[in-house]
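File shown: input.pdb. Contents: PDB, C-alpha atoms, pLDDT in the B column.
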```
ATOM      1  CA  LYS A 170      91.266 123.680 -33.055  1.00 47.00           C
ATOM      2  CA  TYR A 171      87.760 124.755 -32.117  1.00 46.00           C
ATOM      3  CA  THR A 172      84.508 123.536 -33.579  1.00 50.00           C
ATOM      4  CA  ASN A 173      80.822 123.967 -32.825  1.00 51.00           C
ATOM      5  CA  ALA A 174      79.058 120.927 -31.428  1.00 50.00           C
ATOM      6  CA  PHE A 175      76.359 118.792 -32.840  1.00 53.00           C
ATOM      7  CA  PRO A 176      74.370 116.877 -30.222  1.00 50.00           C
ATOM      8  CA  GLU A 177      76.031 113.945 -28.496  1.00 56.00           C
ATOM      9  CA  ALA A 178      73.921 114.273 -25.367  1.00 59.00           C
ATOM     10  CA  LEU A 179      75.114 111.128 -23.581  1.00 56.00           C
ATOM     11  CA  ALA A 180      78.662 112.472 -23.761  1.00 67.00           C
ATOM     12  CA  GLY A 181      77.487 115.765 -22.212  1.00 76.00           C
ATOM     13  CA  ILE A 182      77.744 117.632 -25.508  1.00 80.00           C
ATOM     14  CA  TYR A 183      74.824 119.733 -26.697  1.00 78.00           C
ATOM     15  CA  GLU A 184      74.015 121.674 -29.851  1.00 77.00           C
ATOM     16  CA  GLY A 185      75.898 124.962 -29.918  1.00 81.00           C
ATOM     17  CA  ASP A 186      78.641 123.870 -27.501  1.00 84.00           C
ATOM     18  CA  ILE A 187      82.145 124.906 -28.461  1.00 88.00           C
ATOM     19  CA  LEU A 188      84.482 121.934 -28.574  1.00 89.00           C
ATOM     20  CA  ILE A 189      88.232 121.905 -28.108  1.00 93.00           C
ATOM     21  CA  ILE A 190      89.848 119.267 -30.307  1.00 95.00           C
ATOM     22  CA  ASP A 191      93.542 118.541 -29.760  1.00 97.00           C
ATOM     23  CA  ARG A 192      95.292 117.134 -32.822  1.00 97.00           C
ATOM     24  CA  SER A 193      98.488 116.390 -30.873  1.00 97.00           C
ATOM     25  CA  VAL A 194      96.871 113.924 -28.438  1.00 96.00           C
ATOM     26  CA  GLU A 195      97.245 110.247 -29.352  1.00 96.00           C
ATOM     27  CA  PRO A 196      93.713 108.795 -29.588  1.00 97.00           C
ATOM     28  CA  ARG A 197      93.007 105.799 -27.378  1.00 96.00           C
ATOM     29  CA  ARG A 198      90.104 103.525 -26.581  1.00 97.00           C
ATOM     30  CA  GLY A 199      87.176 105.360 -25.007  1.00 96.00           C
ATOM     31  CA  ASP A 200      88.164 108.840 -26.237  1.00 96.00           C
ATOM     32  CA  ILE A 201      85.644 111.036 -28.012  1.00 94.00           C
ATOM     33  CA  VAL A 202      87.316 111.778 -31.343  1.00 95.00           C
ATOM     34  CA  LEU A 203      86.723 113.985 -34.354  1.00 95.00           C
ATOM     35  CA  ALA A 204      86.921 111.601 -37.294  1.00 95.00           C
ATOM     36  CA  TYR A 205      86.937 112.217 -41.029  1.00 95.00           C
ATOM     37  CA  LEU A 206      85.166 109.561 -43.079  1.00 93.00           C
ATOM     38  CA  GLN A 207      84.317 109.652 -46.778  1.00 92.00           C
ATOM     39  CA  GLY A 208      84.282 113.472 -46.955  1.00 92.00           C
ATOM     40  CA  ASP A 209      82.383 114.129 -43.720  1.00 91.00           C
ATOM     41  CA  PHE A 210      83.369 114.847 -40.127  1.00 92.00           C
ATOM     42  CA  THR A 211      81.810 113.037 -37.185  1.00 90.00           C
ATOM     43  CA  LEU A 212      82.266 113.103 -33.424  1.00 90.00           C
ATOM     44  CA  LYS A 213      82.187 109.609 -31.914  1.00 92.00           C
ATOM     45  CA  LYS A 214      83.551 107.446 -29.113  1.00 93.00           C
ATOM     46  CA  LEU A 215      86.556 105.434 -30.293  1.00 96.00           C
ATOM     47  CA  GLU A 216      86.677 101.702 -29.598  1.00 97.00           C
ATOM     48  CA  PHE A 217      88.840  98.934 -31.025  1.00 96.00           C
ATOM     49  CA  VAL A 218      87.754  95.395 -31.885  1.00 95.00           C
ATOM     50  CA  ASP A 219      90.424  92.966 -33.035  1.00 94.00           C
ATOM     51  CA  GLY A 220      92.768  95.932 -33.460  1.00 92.00           C
ATOM     52  CA  LYS A 221      90.410  97.746 -35.847  1.00 94.00           C
ATOM     53  CA  PRO A 222      88.789 101.085 -34.988  1.00 96.00           C
ATOM     54  CA  GLU A 223      85.055 101.441 -34.462  1.00 96.00           C
ATOM     55  CA  LEU A 224      83.202 104.716 -34.001  1.00 95.00           C
ATOM     56  CA  HIS A 225      80.337 104.503 -31.513  1.00 92.00           C
ATOM     57  CA  PRO A 226      77.573 107.136 -31.339  1.00 89.00           C
ATOM     58  CA  GLN A 227      76.795 108.695 -27.972  1.00 84.00           C
ATOM     59  CA  ASN A 228      73.561 110.372 -29.065  1.00 76.00           C
ATOM     60  CA  SER A 229      70.398 109.140 -27.386  1.00 67.00           C
ATOM     61  CA  SER A 230      68.052 110.939 -29.789  1.00 69.00           C
ATOM     62  CA  GLY A 231      68.407 108.485 -32.654  1.00 69.00           C
ATOM     63  CA  ASN A 232      69.212 104.945 -33.565  1.00 78.00           C
ATOM     64  CA  TYR A 233      72.649 105.548 -35.072  1.00 82.00           C
ATOM     65  CA  PRO A 234      74.820 102.606 -36.135  1.00 88.00           C
ATOM     66  CA  VAL A 235      78.357 101.860 -35.058  1.00 92.00           C
ATOM     67  CA  ILE A 236      80.714 102.874 -37.860  1.00 94.00           C
ATOM     68  CA  HIS A 237      83.294 100.309 -38.969  1.00 96.00           C
ATOM     69  CA  PRO A 238      85.785 102.118 -41.239  1.00 95.00           C
ATOM     70  CA  GLY A 239      87.048  99.793 -43.938  1.00 91.00           C
ATOM     71  CA  GLU A 240      90.567  99.366 -45.211  1.00 88.00           C
ATOM     72  CA  TYR A 241      89.806 101.364 -48.360  1.00 92.00           C
ATOM     73  CA  ASP A 242      87.656 104.086 -46.773  1.00 93.00           C
ATOM     74  CA  ASP A 243      88.902 107.665 -46.724  1.00 95.00           C
ATOM     75  CA  PHE A 244      89.218 107.671 -42.917  1.00 96.00           C
ATOM     76  CA  SER A 245      91.329 109.505 -40.369  1.00 96.00           C
ATOM     77  CA  ILE A 246      91.113 110.610 -36.767  1.00 97.00           C
ATOM     78  CA  GLU A 247      91.613 114.360 -36.799  1.00 96.00           C
ATOM     79  CA  GLY A 248      91.895 114.858 -33.048  1.00 97.00           C
ATOM     80  CA  VAL A 249      90.666 114.090 -29.544  1.00 97.00           C
ATOM     81  CA  LEU A 250      88.019 116.037 -27.657  1.00 94.00           C
ATOM     82  CA  VAL A 251      89.808 117.574 -24.654  1.00 95.00           C
ATOM     83  CA  GLY A 252      87.305 120.220 -23.565  1.00 92.00           C
ATOM     84  CA  SER A 253      84.103 122.076 -24.253  1.00 88.00           C
ATOM     85  CA  GLY A 254      82.373 125.327 -23.468  1.00 89.00           C
ATOM     86  CA  ARG A 255      78.830 126.572 -23.506  1.00 86.00           C
ATOM     87  CA  ARG A 256      77.572 130.068 -24.199  1.00 83.00           C
ATOM     88  CA  TYR A 257      74.838 131.229 -21.804  1.00 84.00           C
ATOM     89  CA  ARG A 258      74.220 134.630 -23.335  1.00 81.00           C
ATOM     90  CA  SER A 259      74.456 135.757 -26.930  1.00 75.00           C
TER      91      SER A 259
END
```

Please go through the file and, once you have read it, give me the structure as structure tokens.
Amino acid sequence: KYTNAFPEALAGIYEGDILIIDRSVEPRRGDIVLAYLQGDFTLKKLEFVDGKPELHPQNSSGNYPVIHPGEYDDFSIEGVLVGSGRRYRS
């Protein structure tokens, strides 16, 4: 699956980048994942605390909070970022 990037500059991802998300890869700690939460998609670094997932922002342009999906949240990890591409000419 391919998607266009939204800025996550510390992870080396910039606006307009084309991301390659692999749904068959088992997500593990430290991966950048495409997550679905409460009707929205987000790209975050996956961490675990006490066995529970946390989604950590990698964007230096804002003060974004760590996301702690709750037991009753509509939450899933849709895939793992495995590659990216950048267009240099339109």

Tell me, as number ranges by chain, which residues lie within 10 Å of A:Leu215, counting all atoms listed in the file; anything in the same chain fewer than 3 positions away does not count. A: 196-204, 212, 222-226, 236, 246, 249

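Every residue within 7 Å of the file position (89.6, 118.7, -28.6), judged by all atoms listed in the file, is given as Lys170, Leu188, Ile189, Ile190, Asp191, Gly248, Val249, Leu250, Val251 and Gly252 of chain A.
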
Mind checking which residues fall within 8 Å of A:Gln207, counting all atoms listed in the file, ignoring those fewer than 6 positions away in the same chain, and posting them as JSON, numbers by chain? {"A": [242, 243, 244]}

Write the residues of the preceding selection, restricted to C-alpha atoms, as a short mmCIF file (atom, residue, chain, number, x, y, z; two decimals), keeping the file's coordinate frame.
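Output saved as result-v3.cif:
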```
data_model
loop_
_atom_site.label_atom_id
_atom_site.label_comp_id
_atom_site.auth_asym_id
_atom_site.auth_seq_id
_atom_site.Cartn_x
_atom_site.Cartn_y
_atom_site.Cartn_z
CA ASP A 242 87.66 104.09 -46.77
CA ASP A 243 88.90 107.66 -46.72
CA PHE A 244 89.22 107.67 -42.92
#
```

Quick one: what's the axis-aligned box for stretch 214-225 of chain A, all listed atoms, 5 Å on every side, centre and edges in Å to one decimal, as lines of an AutoDock Vina configuration file?
```
center_x = 86.6
center_y = 100.2
center_z = -32.5
size_x = 22.4
size_y = 24.5
size_z = 16.7
```

Can you tell me how far atom CA of A:Asp209 sits from atom CA of A:Arg256, in Å to one decimal? 25.7 Å

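Take the candidates A:Ser193, A:Glu247, A:Gly185, A:Glu240 and check each one against A:Lys221 using all atoms listed in the file; the shortest distance goes to A:Glu240.
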